[in-house]
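These notes concern the structure reproduced below.
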Amino acid sequence: MAKRLILMLGVVLVLLTALGFVKFRQIESAVHASAFQPPPEAVTSVVAQRGQWPVSMSVIGTMEAVHGVVVSADLPGTVARINFDSGKAVHEGDVLVELDTRQERAQLASLEAQSELARATFGRTQELLNAGVISRAEYDQATSQQKATEANVAEIRATIARKTIRAPFSGILGIRKVNLGQYLPAGSPVVSNQSLNPIYVNVGVPQQVAAQVHVGGKLRLTTEDLAGKVFNGTVTAIDSEVDEATRNIQVQATLSNPEGKLRPGMFVQVELPVGANRAVIALPASAINYAPYGDSVFVITDLKDPKGQTYRGVRQQFVKVEGSRGDQVAVISGLNPGDEVVTSGVFKLRNGAAVQVNNKVQPGNSPAPKPEDS
């Protein structure tokens with residue numbers, strides 16, 4: 001009995017020793033795992049440099065033609081001939097539409113005959129007056145008759161001319177609004193005519209900065225419809241009053257538009273200078289870590305691990321940003337020239353993380369990127 005008890009105690013002791021050894025190995029493995037350092041994160045970087053940043057504001061503008069009208073019928077009539085195609089370019093004075101003038105031309109022939117008779121009568125009357133055969137009153141009556149018939153001829157000719165609708169200036173036509181044989185009341189629209197080169201852009205500027213906008217100032221214009229295309233213009237007029245509803249002042253600029261890509265009525269993004277350039281540090285937008293508690297960047301520097309060994313790591317640096325241009329963001333405080341800043345991969349970093357810089361492929365860092373670069 002005692003032997004069996006001793007044997008059982010020995011077996012229990014062996015089992016406890018084995019379990020203790022297994023547990024020791026598990027704890028040792030956990031300790032080693034907690035001391036494991038992850039490999040450095042691959043990032044790209046750029047050295048911060050101070051440069052000149054234009055002080056400007058971005059506003060929405062609307063394109064407007066320098067000359068733009070809807071050509072309409074001056075007098076009522078029936079469309080006899082259409083001499084244009086929708087969307088085509090025309091020159092000043094080109095005939096667009098001819099209305100039926102058969103009745104007016106018949107009247108013109110009758111009035112011209114009366115005018116010829118009046119001229120002949122006037123000539124004979126003048127001879128008779130010189131011979132003393134007729135009185136001065138009869139001569140004056142013949143003179144009046146001649147002038148009246150000439151005025152009637154001129155009036156009917158003007159009516160015929162007004163029924164020939166011409167382009168008031170060189171430009172691009174819109175979509176035709178009339179058809180052959182259609183009766184047009186006076187004032188009926190025929191076609192839109194817009195002069196596209198040069199072209200205006202109108203923008204509303206807050207009254208607080210309006211004093212910093214001057215005639216002759218330059219501006220840049222872009223639109224999502226023409227990605228990568230930048231237009232440069234010059235401020236040519238500033239309105240004399242402030243809009244009571246918006247407290248904005250209208251500013252008008254003139255742009256060259258030789259290809260006609262900008263059209264009246266288009267909404268565009270306008271970058272309008274409102275002051276002198278200032279010195280900032282321009283960084284790619286991908287370098288900024290935006291957060292509710294503040295914007296920050298990661299600066300690459302030499303750090304020490306708990307064992308005192310030096311490694312390349314990052315420290316989080318809070319910055320103040322103000323304004324963007326193309327791929328770049330302006331940092332006005334929080335960085336010093338010469339700091340090496342992480343430009344991609346910031347979402348996977350933390351303060352003190354080890355990094356490895358690989359700048360073979362870098363994010364965009366252009367103030368005016370082109371579509372093929374984005």
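Quick note on naming: the chains in the structure tokens go A, B, ... in the order shown, residues restart at 1 in each chain, and ligands are numbered from 1 in order of appearance.
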
Extract, using only C-alpha atoms, all DNA, RNA and protein residues at most 6 Å from Thr301 (chain A), discarding same-chain residues fewer than 3 positions from it, and format them as a ChimeraX atom specification.
/A:312-314

With C-alpha atoms retained, could you export that selection as a PDB file, in the first residue's frame?
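Once everything was written out, this is selection-v4.pdb:
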ATOM      1  CA  ARG A 312      16.522  55.899 -38.464  1.00  0.00           C
ATOM      2  CA  GLY A 313      13.050  56.699 -37.202  1.00  0.00           C
ATOM      3  CA  VAL A 314      10.345  59.346 -37.271  1.00  0.00           C
TER       4      VAL A 314
END

Who sits within 12 Å of Leu226 (chain A), only C-alpha atoms, same chain under 6 positions skipped, as a list in words:
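Near Leu226 (chain A), the qualifying residues are Gly260, Lys261, Leu262, Arg263, Met266, Phe267, Val268, Gln269, Lys370 and Pro371 of chain A.
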
Suppose we keep C-alpha atoms; can you now write the selection as a PDB file, in the first residue's frame?
ATOM      1  CA  GLY A 260     -12.438  78.490 -78.316  1.00  0.00           C
ATOM      2  CA  LYS A 261     -12.349  75.917 -75.500  1.00  0.00           C
ATOM      3  CA  LEU A 262     -13.793  78.357 -72.987  1.00  0.00           C
ATOM      4  CA  ARG A 263     -17.472  79.007 -73.644  1.00  0.00           C
ATOM      5  CA  MET A 266     -18.983  77.917 -68.062  1.00  0.00           C
ATOM      6  CA  PHE A 267     -18.112  77.733 -64.361  1.00  0.00           C
ATOM      7  CA  VAL A 268     -14.359  77.873 -63.773  1.00  0.00           C
ATOM      8  CA  GLN A 269     -11.907  77.903 -60.875  1.00  0.00           C
ATOM      9  CA  LYS A 370      -0.636  67.830 -65.832  1.00  0.00           C
ATOM     10  CA  PRO A 371      -3.150  65.009 -66.367  1.00  0.00           C
TER      11      PRO A 371
END

Selection: 8 Å around region 165-170 of chain A, only C-alpha atoms, excl. self and same-chain fewer than 2 positions, as a list in words
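So the residues in contact are His67, Val71, Ser72, Ala73, Asp74, Ala89, Val90, His91, Glu92, Gly93, Asp94, Val95, Leu96, Val97, Glu98, Arg162, Lys163, Ile172, Asn193 and Ser195 of chain A.
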
Could you save those same residues with N, CA and C atoms as a short mmCIF file (atom, residue, chain, number, x, y, z; two decimals), in the first residue's frame?
data_model
loop_
_atom_site.label_atom_id
_atom_site.label_comp_id
_atom_site.auth_asym_id
_atom_site.auth_seq_id
_atom_site.Cartn_x
_atom_site.Cartn_y
_atom_site.Cartn_z
N HIS A 67 -18.41 89.85 -76.93
CA HIS A 67 -19.59 90.22 -77.72
C HIS A 67 -20.47 88.99 -77.80
N VAL A 71 -29.22 86.88 -82.24
CA VAL A 71 -29.64 87.60 -83.44
C VAL A 71 -31.14 87.33 -83.65
N SER A 72 -31.90 88.40 -83.88
CA SER A 72 -33.35 88.27 -84.01
C SER A 72 -33.84 89.01 -85.24
N ALA A 73 -35.10 88.73 -85.58
CA ALA A 73 -35.72 89.39 -86.73
C ALA A 73 -36.13 90.80 -86.36
N ASP A 74 -35.72 91.77 -87.17
CA ASP A 74 -36.06 93.17 -86.90
C ASP A 74 -37.51 93.47 -87.31
N ALA A 89 -18.48 79.24 -87.74
CA ALA A 89 -17.93 80.58 -87.57
C ALA A 89 -18.44 81.49 -88.68
N VAL A 90 -18.69 82.75 -88.33
CA VAL A 90 -19.15 83.74 -89.30
C VAL A 90 -18.32 85.00 -89.14
N HIS A 91 -18.34 85.82 -90.18
CA HIS A 91 -17.67 87.12 -90.15
C HIS A 91 -18.71 88.22 -90.08
N GLU A 92 -18.30 89.35 -89.60
CA GLU A 92 -19.20 90.49 -89.50
C GLU A 92 -19.80 90.83 -90.87
N GLY A 93 -21.12 90.97 -90.93
CA GLY A 93 -21.80 91.32 -92.17
C GLY A 93 -22.28 90.14 -92.99
N ASP A 94 -21.88 88.90 -92.62
CA ASP A 94 -22.36 87.74 -93.38
C ASP A 94 -23.88 87.64 -93.28
N VAL A 95 -24.52 87.30 -94.42
CA VAL A 95 -25.98 87.16 -94.44
C VAL A 95 -26.35 85.83 -93.79
N LEU A 96 -27.21 85.88 -92.78
CA LEU A 96 -27.67 84.68 -92.09
C LEU A 96 -29.02 84.20 -92.61
N VAL A 97 -29.99 85.10 -92.66
CA VAL A 97 -31.35 84.75 -93.08
C VAL A 97 -31.90 85.88 -93.95
N GLU A 98 -32.62 85.49 -95.01
CA GLU A 98 -33.31 86.46 -95.85
C GLU A 98 -34.82 86.20 -95.76
N ARG A 162 -33.55 95.66 -93.88
CA ARG A 162 -33.82 95.16 -92.53
C ARG A 162 -34.37 93.75 -92.55
N LYS A 163 -34.89 93.30 -93.68
CA LYS A 163 -35.35 91.92 -93.79
C LYS A 163 -34.25 90.97 -94.24
N ILE A 172 -18.91 82.77 -83.29
CA ILE A 172 -19.37 81.40 -83.48
C ILE A 172 -20.88 81.36 -83.28
N ASN A 193 -25.05 84.35 -81.43
CA ASN A 193 -23.74 84.67 -82.01
C ASN A 193 -22.83 85.12 -80.87
N SER A 195 -18.75 85.89 -79.64
CA SER A 195 -17.34 86.11 -79.94
C SER A 195 -16.52 85.49 -78.81
#

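Between Val274 (chain A) and the candidates A:Lys177, A:Arg136, A:His214, A:Arg4, the tightest atom-to-atom separation, counting only C-alpha atoms, involves A:His214.
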
Using only C-alpha atoms, I'd like a table of the residues in region 146-243 of chain A that come within 12 Å of region 316-330 of chain A; for each, show the closest atom pair and its distance in Å rounded to one decimal, ordered by chain and ascending number, as CSV.
residue,atom,partner,partner_atom,distance
A:Arg220,CA,A:Arg325,CA,11.4
A:Thr222,CA,A:Gly326,CA,11.0
A:Ala227,CA,A:Gly326,CA,11.8
A:Gly228,CA,A:Gly326,CA,10.0
A:Val230,CA,A:Gly326,CA,11.4

Using DSSP on the backbone coordinates, identify all residues within region 144-362 of chain A classified as alpha helix (DSSP H); present the result as JSON, numbers by chain.
{"A": [144, 145, 146, 147, 148, 149, 150, 151, 152, 153, 154, 155, 156, 157, 158, 159, 160, 161, 162]}

Enumerate the residues of region 153-252 of chain A with a DSSP assignment of strand (DSSP E), computed from the backbone, and present them as a ChimeraX atom specification.
/A:164-166,171-173,183-184,189-206,218-222,231-238,248-252

Same residues, N, CA and C atoms, output as a short mmCIF file (atom, residue, chain, number, x, y, z; two decimals), in the first residue's frame:
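That gives us result-v4.cif:
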data_model
loop_
_atom_site.label_atom_id
_atom_site.label_comp_id
_atom_site.auth_asym_id
_atom_site.auth_seq_id
_atom_site.Cartn_x
_atom_site.Cartn_y
_atom_site.Cartn_z
N THR A 164 -33.05 91.50 -94.38
CA THR A 164 -31.86 90.66 -94.61
C THR A 164 -31.08 90.66 -93.30
N ILE A 165 -31.10 89.54 -92.57
CA ILE A 165 -30.51 89.46 -91.23
C ILE A 165 -29.04 89.07 -91.37
N ARG A 166 -28.15 89.91 -90.85
CA ARG A 166 -26.71 89.71 -90.98
C ARG A 166 -26.06 89.50 -89.62
N GLY A 171 -17.89 85.79 -85.06
CA GLY A 171 -18.02 84.93 -83.89
C GLY A 171 -18.43 83.52 -84.28
N ILE A 172 -18.91 82.77 -83.29
CA ILE A 172 -19.37 81.40 -83.48
C ILE A 172 -20.88 81.36 -83.28
N LEU A 173 -21.57 80.76 -84.23
CA LEU A 173 -23.03 80.67 -84.15
C LEU A 173 -23.44 79.51 -83.27
N TYR A 183 -42.93 81.72 -90.51
CA TYR A 183 -43.27 83.14 -90.33
C TYR A 183 -42.66 83.61 -89.02
N LEU A 184 -41.89 84.69 -89.08
CA LEU A 184 -41.23 85.23 -87.90
C LEU A 184 -41.86 86.55 -87.51
N PRO A 189 -36.19 85.13 -82.13
CA PRO A 189 -34.77 84.74 -82.16
C PRO A 189 -34.44 83.90 -83.38
N VAL A 190 -33.28 84.14 -83.95
CA VAL A 190 -32.82 83.39 -85.12
C VAL A 190 -31.69 82.44 -84.75
N VAL A 191 -30.63 82.97 -84.11
CA VAL A 191 -29.47 82.16 -83.73
C VAL A 191 -28.63 82.99 -82.77
N SER A 192 -27.91 82.30 -81.89
CA SER A 192 -26.98 82.98 -80.97
C SER A 192 -25.65 83.20 -81.68
N ASN A 193 -25.05 84.35 -81.43
CA ASN A 193 -23.74 84.67 -82.01
C ASN A 193 -22.83 85.12 -80.87
N GLN A 194 -21.73 84.38 -80.66
CA GLN A 194 -20.82 84.66 -79.55
C GLN A 194 -19.39 84.83 -80.08
N SER A 195 -18.75 85.89 -79.64
CA SER A 195 -17.34 86.11 -79.94
C SER A 195 -16.52 85.49 -78.81
N LEU A 196 -15.66 84.50 -79.13
CA LEU A 196 -14.99 83.70 -78.10
C LEU A 196 -13.53 84.06 -77.87
N ASN A 197 -12.95 84.88 -78.70
CA ASN A 197 -11.53 85.23 -78.53
C ASN A 197 -11.32 86.70 -78.81
N PRO A 198 -10.99 87.47 -77.75
CA PRO A 198 -10.82 87.08 -76.34
C PRO A 198 -12.15 86.82 -75.67
N ILE A 199 -12.08 86.47 -74.37
CA ILE A 199 -13.29 86.16 -73.62
C ILE A 199 -13.14 86.70 -72.21
N TYR A 200 -14.26 87.02 -71.57
CA TYR A 200 -14.26 87.55 -70.21
C TYR A 200 -14.49 86.43 -69.20
N VAL A 201 -13.97 86.63 -67.98
CA VAL A 201 -14.37 85.83 -66.82
C VAL A 201 -14.76 86.80 -65.72
N ASN A 202 -15.92 86.56 -65.10
CA ASN A 202 -16.42 87.41 -64.02
C ASN A 202 -16.36 86.64 -62.71
N VAL A 203 -15.79 87.26 -61.68
CA VAL A 203 -15.70 86.63 -60.36
C VAL A 203 -16.17 87.61 -59.30
N GLY A 204 -16.71 87.06 -58.22
CA GLY A 204 -17.11 87.87 -57.08
C GLY A 204 -16.05 87.82 -56.00
N VAL A 205 -15.53 88.97 -55.60
CA VAL A 205 -14.46 89.06 -54.61
C VAL A 205 -15.02 89.67 -53.33
N PRO A 206 -14.79 89.04 -52.16
CA PRO A 206 -15.27 89.65 -50.90
C PRO A 206 -14.75 91.07 -50.72
N LYS A 218 -2.73 89.93 -62.65
CA LYS A 218 -2.81 88.65 -63.36
C LYS A 218 -3.60 87.63 -62.54
N LEU A 219 -4.20 86.69 -63.24
CA LEU A 219 -4.89 85.59 -62.58
C LEU A 219 -4.74 84.32 -63.40
N ARG A 220 -4.99 83.17 -62.75
CA ARG A 220 -4.91 81.86 -63.40
C ARG A 220 -6.30 81.23 -63.35
N LEU A 221 -6.64 80.50 -64.40
CA LEU A 221 -7.98 79.92 -64.52
C LEU A 221 -7.86 78.46 -64.93
N THR A 222 -8.60 77.61 -64.26
CA THR A 222 -8.67 76.19 -64.62
C THR A 222 -10.13 75.74 -64.57
N PHE A 231 -5.25 78.71 -68.02
CA PHE A 231 -5.40 79.93 -68.79
C PHE A 231 -4.96 81.11 -67.92
N ASN A 232 -4.25 82.04 -68.53
CA ASN A 232 -3.80 83.24 -67.83
C ASN A 232 -4.56 84.44 -68.34
N GLY A 233 -4.99 85.29 -67.42
CA GLY A 233 -5.77 86.46 -67.80
C GLY A 233 -5.31 87.70 -67.06
N THR A 234 -5.89 88.83 -67.44
CA THR A 234 -5.56 90.13 -66.85
C THR A 234 -6.84 90.81 -66.40
N VAL A 235 -6.82 91.34 -65.18
CA VAL A 235 -7.97 92.06 -64.65
C VAL A 235 -8.14 93.35 -65.47
N THR A 236 -9.32 93.52 -66.06
CA THR A 236 -9.57 94.69 -66.91
C THR A 236 -10.63 95.62 -66.36
N ALA A 237 -11.42 95.18 -65.39
CA ALA A 237 -12.46 96.06 -64.84
C ALA A 237 -12.86 95.59 -63.45
N ILE A 238 -13.17 96.55 -62.58
CA ILE A 238 -13.68 96.27 -61.24
C ILE A 238 -14.97 97.07 -61.07
N ASN A 248 -20.06 91.10 -52.15
CA ASN A 248 -18.96 90.87 -53.07
C ASN A 248 -18.89 91.99 -54.11
N ILE A 249 -17.70 92.18 -54.63
CA ILE A 249 -17.49 93.12 -55.74
C ILE A 249 -17.14 92.31 -56.98
N GLN A 250 -17.80 92.61 -58.08
CA GLN A 250 -17.55 91.89 -59.31
C GLN A 250 -16.25 92.38 -59.96
N VAL A 251 -15.42 91.42 -60.30
CA VAL A 251 -14.15 91.68 -60.98
C VAL A 251 -14.20 90.98 -62.34
N GLN A 252 -13.80 91.69 -63.38
CA GLN A 252 -13.81 91.12 -64.73
C GLN A 252 -12.40 91.08 -65.28
#

Pick from A:Gly123, A:Gly294, A:Gly308, A:Pro284: nearest to Gln362 (chain A), with only C-alpha atoms counted?
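Of all the options, A:Pro284 lies closest to Gln362 (chain A).
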
When you count only C-alpha atoms, which of these residues is closest to Asp302 (chain A): A:Lys229, A:Arg81, A:Arg315, A:Lys147?
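Residue with the minimum atom-to-atom distance to Asp302 (chain A): A:Arg315.
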
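Nearest to Ser45 (chain A) of all the residues A:Leu75, A:Ala354, A:Ile156, A:Val346 is A:Val346, counting only C-alpha atoms.
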
Hey, which of A:Val341, A:Gly174, A:Thr223, A:Leu5 ends up closest to Gly87 (chain A)? Count only C-alpha atoms.
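Smallest separation from Gly87 (chain A) among the options: A:Gly174.
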
Need the shell around Gly51 (chain A): protein/DNA/RNA residues with any atom at most 10 Å away, counting only C-alpha atoms. Skip same-chain ones fewer than 2 positions apart. Format as a list of chain:residue names?
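Answer for this query is A:Ala48, A:Gln49, A:Trp53, A:Pro54, A:Asn277, A:Arg278, A:Ala279, A:Val280, A:Ile281, A:Ala282, A:Ala330, A:Pro337.
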
Using the selection just defined, write its residues with N, CA and C atoms as a PDB file, in the first residue's frame.
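The new file out_18.pdb reads:
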ATOM      1  N   ALA A  48      12.765  69.582 -46.619  1.00  0.00           N
ATOM      2  CA  ALA A  48      11.981  70.815 -46.584  1.00  0.00           C
ATOM      3  C   ALA A  48      12.833  71.997 -47.022  1.00  0.00           C
ATOM      4  N   GLN A  49      12.268  72.799 -47.915  1.00  0.00           N
ATOM      5  CA  GLN A  49      12.950  74.001 -48.398  1.00  0.00           C
ATOM      6  C   GLN A  49      11.964  75.163 -48.387  1.00  0.00           C
ATOM      7  N   TRP A  53       5.618  81.667 -52.038  1.00  0.00           N
ATOM      8  CA  TRP A  53       4.267  81.138 -52.260  1.00  0.00           C
ATOM      9  C   TRP A  53       3.337  82.310 -52.566  1.00  0.00           C
ATOM     10  N   PRO A  54       2.676  82.296 -53.715  1.00  0.00           N
ATOM     11  CA  PRO A  54       1.788  83.417 -54.044  1.00  0.00           C
ATOM     12  C   PRO A  54       0.582  83.465 -53.110  1.00  0.00           C
ATOM     13  N   ASN A 277       3.822  87.908 -52.437  1.00  0.00           N
ATOM     14  CA  ASN A 277       4.235  86.544 -52.142  1.00  0.00           C
ATOM     15  C   ASN A 277       4.836  86.454 -50.741  1.00  0.00           C
ATOM     16  N   ARG A 278       4.728  85.279 -50.126  1.00  0.00           N
ATOM     17  CA  ARG A 278       5.318  85.074 -48.811  1.00  0.00           C
ATOM     18  C   ARG A 278       6.135  83.798 -48.804  1.00  0.00           C
ATOM     19  N   ALA A 279       7.066  83.708 -47.831  1.00  0.00           N
ATOM     20  CA  ALA A 279       7.968  82.556 -47.734  1.00  0.00           C
ATOM     21  C   ALA A 279       7.298  81.459 -46.922  1.00  0.00           C
ATOM     22  N   VAL A 280       7.164  80.265 -47.516  1.00  0.00           N
ATOM     23  CA  VAL A 280       6.593  79.100 -46.839  1.00  0.00           C
ATOM     24  C   VAL A 280       7.413  77.874 -47.214  1.00  0.00           C
ATOM     25  N   ILE A 281       7.090  76.758 -46.601  1.00  0.00           N
ATOM     26  CA  ILE A 281       7.666  75.469 -46.985  1.00  0.00           C
ATOM     27  C   ILE A 281       6.580  74.691 -47.714  1.00  0.00           C
ATOM     28  N   ALA A 282       6.810  74.395 -48.974  1.00  0.00           N
ATOM     29  CA  ALA A 282       5.836  73.676 -49.795  1.00  0.00           C
ATOM     30  C   ALA A 282       6.124  72.181 -49.736  1.00  0.00           C
ATOM     31  N   ALA A 330       0.985  74.480 -48.466  1.00  0.00           N
ATOM     32  CA  ALA A 330       1.888  75.452 -47.850  1.00  0.00           C
ATOM     33  C   ALA A 330       1.910  75.243 -46.340  1.00  0.00           C
ATOM     34  N   PRO A 337      13.651  74.612 -42.516  1.00  0.00           N
ATOM     35  CA  PRO A 337      14.341  74.182 -43.743  1.00  0.00           C
ATOM     36  C   PRO A 337      15.431  73.177 -43.407  1.00  0.00           C
TER      37      PRO A 337
END
